[in-house]
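Source file: start.json; contents: JSON, C-alpha atoms.
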```
[["chain", "number", "residue", "atom", "x", "y", "z"],
["A", 26, "MET", "CA", 17.28, -0.69, -2.07],
["A", 27, "PRO", "CA", 14.78, -1.92, -4.68],
["A", 28, "LEU", "CA", 12.36, -4.80, -4.58],
["A", 29, "HIS", "CA", 11.88, -6.38, -8.00],
["A", 30, "LEU", "CA", 8.57, -8.17, -8.62],
["A", 31, "HIS", "CA", 8.77, -10.32, -11.76],
["A", 32, "PHE", "CA", 5.46, -10.95, -13.53],
["A", 33, "GLY", "CA", 4.51, -13.95, -15.60],
["A", 34, "ALA", "CA", 1.45, -14.21, -17.87],
["A", 35, "ASP", "CA", -0.76, -15.50, -15.05],
["A", 36, "ASP", "CA", 0.34, -12.68, -12.74],
["A", 37, "LEU", "CA", -0.89, -10.06, -15.20],
["A", 38, "LEU", "CA", -4.35, -11.60, -14.87],
["A", 39, "ARG", "CA", -4.24, -11.37, -11.07],
["A", 40, "ILE", "CA", -3.55, -7.71, -10.44],
["A", 41, "ARG", "CA", -6.31, -6.36, -8.22],
["A", 42, "PHE", "CA", -7.23, -3.47, -5.92],
["A", 43, "ALA", "CA", -8.76, -3.64, -2.45],
["A", 44, "ILE", "CA", -9.50, -1.54, 0.62],
["A", 45, "SER", "CA", -8.47, -2.90, 4.00],
["A", 46, "PRO", "CA", -9.71, -1.19, 7.18],
["A", 47, "LEU", "CA", -7.44, -3.55, 9.14],
["A", 48, "CYS", "CA", -4.28, -2.54, 7.24],
["A", 49, "GLU", "CA", -5.32, 1.10, 7.43],
["A", 50, "THR", "CA", -5.69, 0.78, 11.20],
["A", 51, "HIS", "CA", -2.10, -0.45, 11.47],
["A", 52, "GLU", "CA", -0.84, 2.28, 9.16],
["A", 53, "ALA", "CA", -2.59, 4.84, 11.40],
["A", 54, "VAL", "CA", -0.90, 3.33, 14.45],
["A", 55, "ARG", "CA", 2.48, 3.60, 12.70],
["A", 56, "THR", "CA", 1.76, 7.22, 11.83],
["A", 57, "LEU", "CA", 1.50, 8.09, 15.52],
["A", 58, "ARG", "CA", 5.24, 7.38, 15.87],
["A", 59, "ARG", "CA", 6.54, 8.23, 12.40],
["A", 60, "THR", "CA", 7.08, 12.00, 12.48],
["A", 61, "ASP", "CA", 7.85, 12.00, 8.74],
["A", 62, "ARG", "CA", 4.21, 11.02, 8.17],
["A", 63, "HIS", "CA", 2.72, 13.82, 10.25],
["A", 64, "GLY", "CA", 2.58, 16.58, 7.63],
["A", 65, "TYR", "CA", -0.83, 15.85, 6.11],
["A", 66, "HIS", "CA", -2.29, 14.42, 9.31],
["A", 67, "ALA", "CA", -1.53, 17.18, 11.83],
["A", 68, "PRO", "CA", -5.24, 18.06, 12.35],
["A", 69, "TRP", "CA", -6.07, 14.40, 12.95],
["A", 70, "LEU", "CA", -3.16, 14.00, 15.35],
["A", 71, "ARG", "CA", -4.27, 17.03, 17.35],
["A", 72, "ARG", "CA", -7.77, 15.63, 17.56],
["A", 73, "MET", "CA", -6.42, 12.26, 18.77],
["A", 74, "ARG", "CA", -4.41, 13.62, 21.73],
["A", 75, "THR", "CA", -7.11, 13.03, 24.33],
["A", 76, "THR", "CA", -8.01, 9.66, 22.86],
["A", 77, "LEU", "CA", -4.41, 8.46, 22.90],
["A", 78, "ALA", "CA", -4.02, 9.25, 26.59],
["A", 79, "GLY", "CA", -6.25, 6.28, 27.44],
["A", 80, "LEU", "CA", -5.35, 3.94, 24.58],
["A", 81, "ASP", "CA", -3.00, 1.00, 25.23],
["A", 82, "LEU", "CA", -1.18, 0.05, 22.04],
["A", 83, "THR", "CA", 1.80, -1.63, 23.74],
["A", 84, "PRO", "CA", 1.34, -5.07, 22.09],
["A", 85, "LEU", "CA", 1.41, -3.46, 18.62],
["A", 86, "TRP", "CA", 4.40, -1.19, 19.32],
["A", 87, "LEU", "CA", 6.53, -4.27, 20.00],
["A", 88, "PHE", "CA", 6.20, -5.35, 16.36],
["A", 89, "MET", "CA", 6.20, -1.92, 14.69],
["A", 90, "PRO", "CA", 9.72, -0.49, 14.48],
["A", 91, "ALA", "CA", 9.73, 3.25, 15.18],
["A", 92, "SER", "CA", 11.69, 3.87, 11.98],
["A", 93, "PRO", "CA", 12.32, 1.85, 8.84],
["A", 94, "PRO", "CA", 13.82, -0.47, 7.83],
["A", 95, "GLY", "CA", 12.17, -3.13, 9.89],
["A", 96, "TYR", "CA", 9.62, -5.89, 9.60],
["A", 97, "THR", "CA", 6.08, -6.07, 10.92],
["A", 98, "PRO", "CA", 4.54, -9.57, 10.93],
["A", 99, "ASP", "CA", 2.58, -10.07, 7.74],
["A", 100, "PHE", "CA", -0.27, -11.83, 9.54],
["A", 101, "LEU", "CA", -1.12, -8.55, 11.29],
["A", 102, "GLY", "CA", -2.21, -7.04, 7.99],
["A", 103, "ARG", "CA", -2.83, -10.05, 5.80],
["A", 104, "PRO", "CA", -4.03, -9.11, 2.31],
["A", 105, "PRO", "CA", -7.85, -9.06, 2.10],
["A", 106, "ASP", "CA", -9.52, -11.63, -0.12],
["A", 107, "THR", "CA", -12.20, -9.30, -1.48],
["A", 108, "PRO", "CA", -12.16, -5.66, -2.64],
["A", 109, "THR", "CA", -14.18, -4.28, 0.30],
["A", 110, "THR", "CA", -13.77, -6.61, 3.28],
["A", 111, "GLY", "CA", -15.25, -5.23, 6.51],
["A", 112, "PHE", "CA", -13.15, -4.66, 9.62],
["A", 113, "ASP", "CA", -14.95, -7.31, 11.70],
["A", 114, "GLU", "CA", -14.28, -9.96, 9.06],
["A", 115, "GLU", "CA", -10.62, -9.00, 8.81],
["A", 116, "LEU", "CA", -10.28, -9.02, 12.59],
["A", 117, "ALA", "CA", -11.77, -12.52, 12.75],
["A", 118, "ARG", "CA", -9.18, -13.72, 10.23],
["A", 119, "LEU", "CA", -6.43, -12.15, 12.33],
["A", 120, "ARG", "CA", -7.67, -13.96, 15.44],
["A", 121, "ALA", "CA", -7.64, -17.26, 13.53],
["A", 122, "THR", "CA", -3.93, -16.99, 12.61],
["A", 123, "ASP", "CA", -2.01, -20.24, 12.96],
["A", 124, "PRO", "CA", 0.20, -19.90, 16.10],
["A", 125, "GLU", "CA", 3.24, -21.48, 14.43],
["A", 126, "LEU", "CA", 3.05, -19.07, 11.50],
["A", 127, "ALA", "CA", 2.61, -16.21, 13.97],
["A", 128, "ARG", "CA", 5.63, -17.31, 15.98],
["A", 129, "THR", "CA", 7.82, -17.46, 12.85],
["A", 130, "GLU", "CA", 6.83, -13.98, 11.74],
["A", 131, "MET", "CA", 7.05, -12.48, 15.23],
["A", 132, "ALA", "CA", 10.56, -13.90, 15.66],
["A", 133, "LYS", "CA", 11.58, -12.31, 12.35],
["A", 134, "SER", "CA", 10.11, -8.97, 13.46],
["A", 135, "LEU", "CA", 11.74, -9.01, 16.91],
["A", 136, "ALA", "CA", 15.12, -9.78, 15.33],
["A", 137, "CYS", "CA", 14.90, -6.38, 13.57],
["A", 138, "THR", "CA", 14.64, -4.51, 16.88],
["A", 139, "PRO", "CA", 17.74, -4.43, 19.12],
["A", 140, "GLY", "CA", 16.87, -6.25, 22.33],
["A", 141, "GLY", "CA", 13.42, -7.19, 21.07],
["A", 142, "THR", "CA", 13.89, -10.95, 21.23],
["A", 143, "GLU", "CA", 15.38, -10.79, 24.74],
["A", 144, "SER", "CA", 12.76, -8.41, 26.15],
["A", 145, "ALA", "CA", 10.15, -9.74, 28.57],
["A", 146, "ARG", "CA", 7.32, -9.07, 26.11],
["A", 147, "GLY", "CA", 9.27, -10.58, 23.23],
["A", 148, "ARG", "CA", 10.01, -13.77, 25.17],
["A", 149, "ALA", "CA", 6.37, -14.03, 26.27],
["A", 150, "ALA", "CA", 5.08, -13.64, 22.71],
["A", 151, "LEU", "CA", 7.38, -16.34, 21.36],
["A", 152, "ALA", "CA", 6.60, -18.69, 24.25],
["A", 153, "ASP", "CA", 2.84, -18.42, 23.76],
["A", 154, "PRO", "CA", 2.13, -17.23, 20.18],
["A", 155, "ALA", "CA", -1.58, -18.10, 20.37],
["A", 156, "ARG", "CA", -2.03, -15.73, 23.30],
["A", 157, "ALA", "CA", 0.11, -13.10, 21.56],
["A", 158, "VAL", "CA", -2.14, -13.24, 18.48],
["A", 159, "GLN", "CA", -5.22, -12.54, 20.63],
["A", 160, "GLU", "CA", -3.47, -9.66, 22.42],
["A", 161, "LEU", "CA", -2.49, -8.14, 19.08],
["A", 162, "ALA", "CA", -6.03, -8.56, 17.79],
["A", 163, "ASP", "CA", -7.42, -6.91, 20.95],
["A", 164, "ALA", "CA", -5.04, -3.95, 20.53],
["A", 165, "THR", "CA", -5.97, -3.66, 16.85],
["A", 166, "GLU", "CA", -9.66, -3.61, 17.72],
["A", 167, "ARG", "CA", -9.09, -0.86, 20.30],
["A", 168, "ALA", "CA", -7.12, 1.16, 17.76],
["A", 169, "TRP", "CA", -9.83, 0.78, 15.11],
["A", 170, "HIS", "CA", -12.63, 2.05, 17.32],
["A", 171, "ALA", "CA", -10.58, 4.90, 18.76],
["A", 172, "LEU", "CA", -8.61, 6.10, 15.74],
["A", 173, "LEU", "CA", -10.44, 5.19, 12.53],
["A", 174, "ALA", "CA", -14.05, 4.10, 12.96],
["A", 175, "PRO", "CA", -15.48, 7.63, 13.51],
["A", 176, "ASP", "CA", -13.84, 8.86, 10.27],
["A", 177, "TRP", "CA", -14.07, 5.66, 8.22],
["A", 178, "PRO", "CA", -16.87, 6.83, 5.85],
["A", 179, "ARG", "CA", -14.69, 9.79, 4.85],
["A", 180, "LEU", "CA", -11.57, 7.66, 4.46],
["A", 181, "ARG", "CA", -13.38, 4.91, 2.59],
["A", 182, "ALA", "CA", -14.86, 7.40, 0.11],
["A", 183, "LEU", "CA", -11.40, 8.76, -0.66],
["A", 184, "LEU", "CA", -9.96, 5.25, -1.11],
["A", 185, "GLU", "CA", -12.85, 4.19, -3.35],
["A", 186, "ALA", "CA", -12.35, 7.30, -5.48],
["A", 187, "GLU", "CA", -8.65, 6.42, -5.77],
["A", 188, "ILE", "CA", -9.44, 2.92, -7.02],
["A", 189, "ALA", "CA", -11.96, 4.30, -9.52],
["A", 190, "TYR", "CA", -9.34, 6.72, -10.87],
["A", 191, "ARG", "CA", -6.67, 4.03, -11.17],
["A", 192, "SER", "CA", -9.11, 1.65, -12.83],
["A", 193, "ARG", "CA", -9.73, 4.26, -15.52],
["A", 194, "GLN", "CA", -5.97, 4.61, -16.02],
["A", 195, "LEU", "CA", -5.64, 0.85, -16.43],
["A", 196, "ALA", "CA", -8.48, 0.80, -18.94],
["A", 197, "ASP", "CA", -7.01, 3.72, -20.89],
["A", 198, "GLY", "CA", -3.37, 2.70, -21.07],
["A", 199, "GLY", "CA", -2.70, -0.64, -19.41],
["A", 200, "LEU", "CA", -0.10, -1.30, -16.75],
["A", 201, "ARG", "CA", 2.37, 1.22, -18.16],
["A", 202, "ARG", "CA", -0.16, 4.02, -17.69],
["A", 203, "LEU", "CA", -1.24, 2.71, -14.28],
["A", 204, "PHE", "CA", 2.27, 2.59, -12.83],
["A", 205, "ALA", "CA", 3.48, 5.78, -14.52],
["A", 206, "ASP", "CA", 2.29, 8.00, -11.67],
["A", 207, "LEU", "CA", 1.09, 5.59, -8.99],
["A", 208, "HIS", "CA", 4.07, 6.65, -6.86],
["A", 209, "PRO", "CA", 7.59, 7.97, -7.60],
["A", 210, "ARG", "CA", 9.08, 4.87, -5.97],
["A", 211, "LEU", "CA", 7.24, 2.51, -8.35],
["A", 212, "THR", "CA", 8.42, 1.86, -11.90],
["A", 213, "TRP", "CA", 7.31, -0.64, -14.53],
["A", 214, "SER", "CA", 9.67, -2.01, -17.17],
["A", 215, "GLY", "CA", 9.28, -5.10, -19.31],
["A", 216, "ASP", "CA", 7.73, -7.67, -17.01],
["A", 217, "THR", "CA", 9.02, -6.21, -13.73],
["A", 218, "LEU", "CA", 7.56, -3.85, -11.16],
["A", 219, "THR", "CA", 10.35, -2.20, -9.16],
["A", 220, "VAL", "CA", 9.55, -0.85, -5.70],
["A", 221, "ARG", "CA", 12.23, 1.35, -4.13],
["A", 222, "THR", "CA", 11.88, 0.50, -0.46],
["A", 223, "ARG", "CA", 13.72, 1.58, 2.69],
["A", 224, "THR", "CA", 15.36, -1.79, 3.23],
["A", 225, "ASP", "CA", 19.14, -2.01, 3.07],
["A", 226, "PHE", "CA", 19.30, -5.07, 0.81],
["A", 227, "LEU", "CA", 18.18, -6.01, -2.70],
["A", 228, "GLN", "CA", 15.09, -8.20, -2.94],
["A", 229, "THR", "CA", 13.69, -10.13, -5.89],
["A", 230, "GLN", "CA", 10.42, -12.06, -6.04],
["A", 231, "ASP", "CA", 9.07, -14.20, -8.86],
["A", 232, "LEU", "CA", 5.32, -13.93, -8.42],
["A", 233, "ASN", "CA", 4.71, -17.43, -9.80],
["A", 234, "GLY", "CA", 1.04, -16.86, -10.60],
["A", 235, "ARG", "CA", 0.17, -15.09, -7.32],
["A", 236, "GLY", "CA", -0.29, -11.68, -8.95],
["A", 237, "VAL", "CA", -0.17, -8.45, -6.95],
["A", 238, "LEU", "CA", -2.64, -6.69, -4.70],
["A", 239, "LEU", "CA", -2.60, -2.86, -4.88],
["A", 240, "LEU", "CA", -3.79, -1.37, -1.61],
["A", 241, "PRO", "CA", -4.28, 2.44, -1.49],
["A", 242, "SER", "CA", -3.74, 4.00, 1.93],
["A", 243, "VAL", "CA", -4.47, 7.30, 3.62],
["A", 244, "PHE", "CA", -1.74, 6.92, 6.25],
["A", 245, "ALA", "CA", 1.14, 5.26, 4.34],
["A", 246, "TRP", "CA", 2.39, 8.56, 2.85],
["A", 247, "PRO", "CA", 5.24, 9.17, 2.01],
["A", 248, "ASP", "CA", 6.14, 5.48, 2.08],
["A", 249, "VAL", "CA", 5.38, 2.60, -0.23],
["A", 250, "VAL", "CA", 5.08, -0.61, 1.77],
["A", 251, "SER", "CA", 5.61, -3.91, 0.01],
["A", 252, "GLY", "CA", 6.58, -7.50, 0.58],
["A", 253, "PHE", "CA", 4.44, -10.32, 1.98],
["A", 254, "ASP", "CA", 6.22, -13.65, 1.56],
["A", 255, "PRO", "CA", 4.21, -16.84, 0.96],
["A", 256, "PRO", "CA", 1.57, -17.82, 1.94],
["A", 257, "TRP", "CA", 0.38, -14.22, 1.46],
["A", 258, "GLN", "CA", -0.28, -12.57, -1.89],
["A", 259, "PRO", "CA", 2.40, -9.99, -2.74],
["A", 260, "THR", "CA", 1.00, -6.57, -1.86],
["A", 261, "VAL", "CA", 1.95, -2.97, -2.56],
["A", 262, "ILE", "CA", 0.51, -0.41, -0.12],
["A", 263, "TYR", "CA", 0.79, 3.07, -1.61],
["A", 264, "PRO", "CA", -0.48, 6.60, -0.71],
["A", 265, "ALA", "CA", -3.86, 7.51, -2.16],
["A", 266, "ARG", "CA", -4.49, 10.77, -4.01],
["A", 267, "GLY", "CA", -6.37, 13.57, -2.26],
["A", 268, "ILE", "CA", -5.00, 13.24, 1.28],
["A", 269, "GLY", "CA", -3.83, 16.87, 1.25],
["A", 270, "GLY", "CA", -7.33, 18.15, 1.95],
["A", 271, "LEU", "CA", -8.61, 15.15, 3.89],
["A", 272, "TRP", "CA", -8.77, 16.73, 7.34],
["A", 273, "ALA", "CA", -9.54, 20.29, 6.27],
["A", 274, "GLU", "CA", -13.01, 21.43, 7.15],
["A", 275, "PRO", "CA", -14.86, 22.60, 4.03],
["A", 276, "ASP", "CA", -14.93, 26.38, 3.67],
["A", 277, "ALA", "CA", -16.98, 27.80, 0.84],
["A", 278, "GLY", "CA", -16.32, 31.43, 1.72],
["A", 279, "PRO", "CA", -18.93, 34.07, 2.59],
["A", 280, "ALA", "CA", -19.58, 35.22, -0.99],
["A", 281, "LEU", "CA", -20.42, 31.74, -2.24],
["A", 282, "ALA", "CA", -22.52, 31.08, 0.86],
["A", 283, "ARG", "CA", -24.60, 34.17, 0.08],
["A", 284, "LEU", "CA", -24.99, 33.03, -3.53],
["A", 285, "LEU", "CA", -25.92, 29.39, -2.96],
["A", 286, "GLY", "CA", -26.96, 29.36, 0.69],
["A", 287, "PRO", "CA", -24.57, 28.23, 3.43],
["A", 288, "LYS", "CA", -25.46, 24.53, 3.47],
["A", 289, "ARG", "CA", -25.48, 24.09, -0.31],
["A", 290, "ALA", "CA", -22.17, 25.97, -0.56],
["A", 291, "ALA", "CA", -20.72, 23.73, 2.16],
["A", 292, "VAL", "CA", -21.77, 20.60, 0.24],
["A", 293, "LEU", "CA", -20.05, 21.85, -2.92],
["A", 294, "ALA", "CA", -16.88, 22.78, -1.02],
["A", 295, "ALA", "CA", -16.80, 19.42, 0.77],
["A", 296, "LEU", "CA", -16.45, 17.60, -2.55],
["A", 297, "ASP", "CA", -12.69, 18.20, -2.65],
["A", 298, "ALA", "CA", -12.54, 14.47, -3.33],
["A", 299, "PRO", "CA", -15.29, 12.22, -4.75],
["A", 300, "SER", "CA", -17.74, 11.31, -2.01],
["A", 301, "SER", "CA", -21.07, 9.60, -1.36],
["A", 302, "THR", "CA", -24.19, 11.16, 0.12],
["A", 303, "THR", "CA", -23.69, 9.27, 3.40],
["A", 304, "ALA", "CA", -20.05, 10.32, 3.75],
["A", 305, "LEU", "CA", -20.91, 13.95, 3.04],
["A", 306, "ALA", "CA", -23.71, 13.87, 5.59],
["A", 307, "ARG", "CA", -21.36, 12.53, 8.27],
["A", 308, "ARG", "CA", -18.66, 15.05, 7.43],
["A", 309, "LEU", "CA", -21.01, 18.03, 7.46],
["A", 310, "GLY", "CA", -23.28, 16.91, 10.29],
["A", 311, "LEU", "CA", -26.37, 17.13, 8.07],
["A", 312, "ALA", "CA", -29.23, 14.72, 7.43],
["A", 313, "PRO", "CA", -28.62, 12.47, 4.39],
["A", 314, "SER", "CA", -31.95, 13.58, 2.92],
["A", 315, "SER", "CA", -30.87, 17.24, 3.13],
["A", 316, "VAL", "CA", -27.51, 16.50, 1.51],
["A", 317, "SER", "CA", -29.23, 14.51, -1.24],
["A", 318, "ALA", "CA", -31.50, 17.44, -2.05],
["A", 319, "HIS", "CA", -28.56, 19.86, -2.23],
["A", 320, "LEU", "CA", -26.62, 17.45, -4.47],
["A", 321, "SER", "CA", -29.54, 17.22, -6.89],
["A", 322, "VAL", "CA", -29.70, 21.01, -7.23],
["A", 323, "LEU", "CA", -25.92, 21.35, -7.66],
["A", 324, "ARG", "CA", -25.83, 18.60, -10.27],
["A", 325, "ALA", "CA", -28.71, 20.17, -12.20],
["A", 326, "ALA", "CA", -26.77, 23.44, -12.21],
["A", 327, "GLY", "CA", -23.72, 21.72, -13.70],
["A", 328, "LEU", "CA", -21.56, 22.26, -10.61],
["A", 329, "LEU", "CA", -20.96, 18.59, -9.92],
["A", 330, "THR", "CA", -21.26, 15.24, -11.58],
["A", 331, "SER", "CA", -22.01, 11.75, -10.31],
["A", 332, "ARG", "CA", -21.04, 8.18, -11.16],
["A", 333, "ARG", "CA", -21.89, 4.80, -9.70],
["A", 334, "HIS", "CA", -19.16, 2.87, -7.89],
["A", 335, "GLY", "CA", -20.28, -0.50, -6.56],
["A", 336, "HIS", "CA", -23.39, 0.04, -4.47],
["A", 337, "GLU", "CA", -22.77, 3.77, -4.01],
["A", 338, "VAL", "CA", -23.05, 6.91, -6.10],
["A", 339, "LEU", "CA", -20.01, 9.18, -5.84],
["A", 340, "TYR", "CA", -20.24, 12.92, -6.49],
["A", 341, "GLU", "CA", -17.41, 15.19, -7.58],
["A", 342, "GLN", "CA", -16.96, 18.80, -8.64],
["A", 343, "THR", "CA", -17.07, 19.76, -12.32],
["A", 344, "PRO", "CA", -14.66, 22.35, -13.76],
["A", 345, "LEU", "CA", -17.50, 24.87, -13.43],
["A", 346, "GLY", "CA", -17.93, 23.97, -9.77],
["A", 347, "LEU", "CA", -14.21, 24.34, -9.16],
["A", 348, "ALA", "CA", -14.17, 27.71, -10.90],
["A", 349, "LEU", "CA", -17.09, 28.91, -8.78],
["A", 350, "LEU", "CA", -15.29, 27.86, -5.61],
["A", 351, "GLY", "CA", -12.20, 29.71, -6.78]]
```

Represent the structure contained in this file as structure tokens.
Amino acid sequence: MPLHLHFGADDLLRIRFAISPLCETHEAVRTLRRTDRHGYHAPWLRRMRTTLAGLDLTPLWLFMPASPPGYTPDFLGRPPDTPTTGFDEELARLRATDPELARTEMAKSLACTPGGTESARGRAALADPARAVQELADATERAWHALLAPDWPRLRALLEAEIAYRSRQLADGGLRRLFADLHPRLTWSGDTLTVRTRTDFLQTQDLNGRGVLLLPSVFAWPDVVSGFDPPWQPTVIYPARGIGGLWAEPDAGPALARLLGPKRAAVLAALDAPSSTTALARRLGLAPSSVSAHLSVLRAAGLLTSRRHGHEVLYEQTPLGLALLG
């Protein structure tokens, strides 16, 4: 059933993008159980098998229904205040959640799971919400370090490239252009953004000047996640472009390696999505100085281009570079 988000004039001025390592951590945790999300992430899941054997995520599982519809407490993934909030800052905000707010949202979540409210863990969480918040924060921190932190430079580069692309769409054609292909379950008409969710009831929200936060995600595919009642800003979490090749190791092929040299060819092939020098170095296991030198040569040859995004320079393949790879 759809969720209708009605925009007023002030809401149009408060549409923003952000990246949230905290929300992405929780989406990764959900992906472990949601088999319909496994398609693009099979290589990552295989790599995580050993890690998962020693990782206790029990506190989080209680509030993450194995299949939609359901409700996860909003305070677990509260919308970030700034475009690029760090994980430690987001975790600190999670730990500072008001216990009464936490109890209200946890009760709502448990009510969506048969037997959840009556379970021993459910009763304990509702009886001592302050302790439950800290246990959830501890589990989130464990999940971050085990599941996402080692790959975060790669994931962040893809999410930053997604925001840059969408920002260009907004500049070129306004909201109609932005929402035209953001996701098949999102449509814009008049002053209303319609999100086709997996809930079994119709929802309508007047934004009342709160605007909307657009949060691209690597792990949300194929879902669009939306909601966030007051006091949180309404948020739409949607799948980012480029996740199809996210976990594939770059392969330039032997012919191109002979032409350019193996390391330079690997750098060109690794730019299947816009990326920074640091992210490329981590992905390829090379020194940043070496990657920087290869990027300079490839750019001079017209095989890639660069643009500044915030404090970083992102590189991406040109049509000539793509043709050479082909």

At most 8 Å from (-0.5, 6.2, -6.0), file frame, all atoms listed in the file: which residues, as a PyMOL selection string? chain A and resi 206-208+241+263-266

Serialized selection, C-alpha atoms, as a PDB file, keeping the file's coordinate frame:
```
ATOM      1  CA  ASP A 206       2.290   8.000 -11.670  1.00  0.00           C
ATOM      2  CA  LEU A 207       1.090   5.590  -8.990  1.00  0.00           C
ATOM      3  CA  HIS A 208       4.070   6.650  -6.860  1.00  0.00           C
ATOM      4  CA  PRO A 241      -4.280   2.440  -1.490  1.00  0.00           C
ATOM      5  CA  TYR A 263       0.790   3.070  -1.610  1.00  0.00           C
ATOM      6  CA  PRO A 264      -0.480   6.600  -0.710  1.00  0.00           C
ATOM      7  CA  ALA A 265      -3.860   7.510  -2.160  1.00  0.00           C
ATOM      8  CA  ARG A 266      -4.490  10.770  -4.010  1.00  0.00           C
TER       9      ARG A 266
END
```

Which is closest to Pro287 in chain A among A:Ala304, A:Leu309, A:Ala174, A:Leu200, if we use all atoms listed in the file? A:Leu309

From the list A:Pro139, A:Pro255, A:Pro247, A:Pro209, which residue is nearest Phe100 in chain A when using all atoms listed in the file? A:Pro255

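Nearest residue to Arg120 in chain A, choosing from A:His31, A:Arg156, A:Arg289, A:Arg179 and counting only C-alpha atoms: A:Arg156.
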
For range 60-63 of chain A, find every residue with an atom within 12 Å (counting all atoms listed in the file), except residues of its own chain fewer than 5 positions away, and show them as a ChimeraX atom specification. /A:52-55,68-71,91-93,243-249,264,268-269

Quick one: residues within 8 Å of Ala171 in chain A, only C-alpha atoms counted, chain neighbours fewer than 4 positions away excluded, as a ChimeraX atom specification? /A:76,80,167,175

Please write the residues from the selection above to a file, keeping C-alpha atoms, as a PDB file, in the coordinates of the input.
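Saved file part-v4.pdb follows:
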```
ATOM      1  CA  THR A  76      -8.010   9.660  22.860  1.00  0.00           C
ATOM      2  CA  LEU A  80      -5.350   3.940  24.580  1.00  0.00           C
ATOM      3  CA  ARG A 167      -9.090  -0.860  20.300  1.00  0.00           C
ATOM      4  CA  PRO A 175     -15.480   7.630  13.510  1.00  0.00           C
TER       5      PRO A 175
END
```
